[in-house]
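Take a look at the structure below.
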Amino acid sequence: MNKHIAFFRNLNLGRPNCPTKVQFEEAFLAAGAVSASSFLTNGTMVFTTGSGRQAQKVFNGACEILHRTCGLKEPGFIRTMDYLTQLMALDPFVEIESNSVHACCASFLHATDGLSVAQLPLESKRSDVKVLQLTDSEAFSVSIKVGNTPGSPNAFLEKRLGVPVTTRSWKTIVRLVQKHA
């Protein structure tokens, strides 16, 4: 069995054009997943397939079902559990004092979207988002409160790169791997 995670952009369970938890899980099962388990309410799905090659087919089928049943149009990004475990080993926030930032974040996009050509450091004009480290398909950043408003790594990266991105708190990634690895 191969365990995969789908991170959807702008999907909050039960909101307009978004599935309920049951619809979300059933879409992956109907598309051929061996198992499917929603993680939190933010559009994160843990699913297993019989082989690694089936993951994209299951994901595409689930997206079609979700589009038909609830109008979901947002993109998603697939990673394997093994890959997420490797990302954790990078420990991109080891030098960050958690009380000095609003949040440590991991942003996901497609590997062909050109993150690796971005020059570090990347920082928003308000200095409320700082990108610390890049892989071919992830950006690790910190969100900083300026006044009462924390920076949005998602909005910053989408504007900067011109492609869809989805972002999760690093604590969410750690909990996800601890629970499902």
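By convention in this document, the chains of the structure tokens carry letters A, B, ... by their order, each chain's residues are numbered from 1, and ligands are numbered from 1 in the order they are shown.
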
TODO: List the neighbours of region 12-28 of chain A out to 12 Å using only C-alpha atoms; skip same-chain residues closer than 4 positions along the sequence, and give me the result as an MDAnalysis selection string.
DONE: chainID A and resid 4:8 32:49 54:74

Open item on the list: If we count only C-alpha atoms and set the cut-off at 7 Å, which residues sit around Gly151 (chain A), ignoring sequence neighbours fewer than 3 positions away in its own chain? Please answer as a ChimeraX atom specification.
Closed with: /A:128-129,143-145

TODO: Point out the residue among A:Phe77, A:Tyr83, A:Phe93, A:Phe140 with the least atom-to-atom distance to Leu122 (chain A), counting only C-alpha atoms.
DONE: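 Between A:Phe77, A:Tyr83, A:Phe93, A:Phe140, the residue approaching Leu122 (chain A) most closely is A:Phe140.
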
Open item on the list: Please list as a list of chain:residue names every residue within 12 Å of Lys125 (chain A), counting only C-alpha atoms and excluding residues in the same chain fewer than 6 positions away.
Closed with: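 Answer for this query is A:Val146, A:Gly151, A:Ser152, A:Phe156, A:Arg160.
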
- [ ] Apply DSSP to the backbone of this structure and, from region 23-145 of chain A, keep only the residues in helix (DSSP H, G or I); write these as a ChimeraX atom specification.
- [x] /A:23-30,54-70,81-90,98-100,111-113,115-117

Open item on the list: So the first atom is CA of Phe108 (chain A) and the second is CA of Thr166 (chain A); what is the distance between them in Å, to one decimal place?
Closed with: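 Here the two named atoms are 5.4 Å from each other.
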
Open item on the list: Can you tell me, as a PyMOL selection string, which residues in chain A count as strand (DSSP E or B) by DSSP?
Closed with: chain A and resi 2-8+35-39+44-49+76-80+103-108+122-123+129-134+138-143+145-146+149-150+166-169

Open item on the list: Restricting the calculation to only C-alpha atoms: of A:Gly52, A:Pro164, A:Pro75, A:Pro150, which residue gets closest to Lys130 (chain A)?
Closed with: A:Pro150

Open item on the list: Between A:Ser141, A:Ala30, A:Gly50, A:Asn148, which residue has the minimum interatomic distance to Ala103 (chain A), considering only C-alpha atoms?
Closed with: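 The answer is A:Ser141, which sits nearest to Ala103 (chain A).
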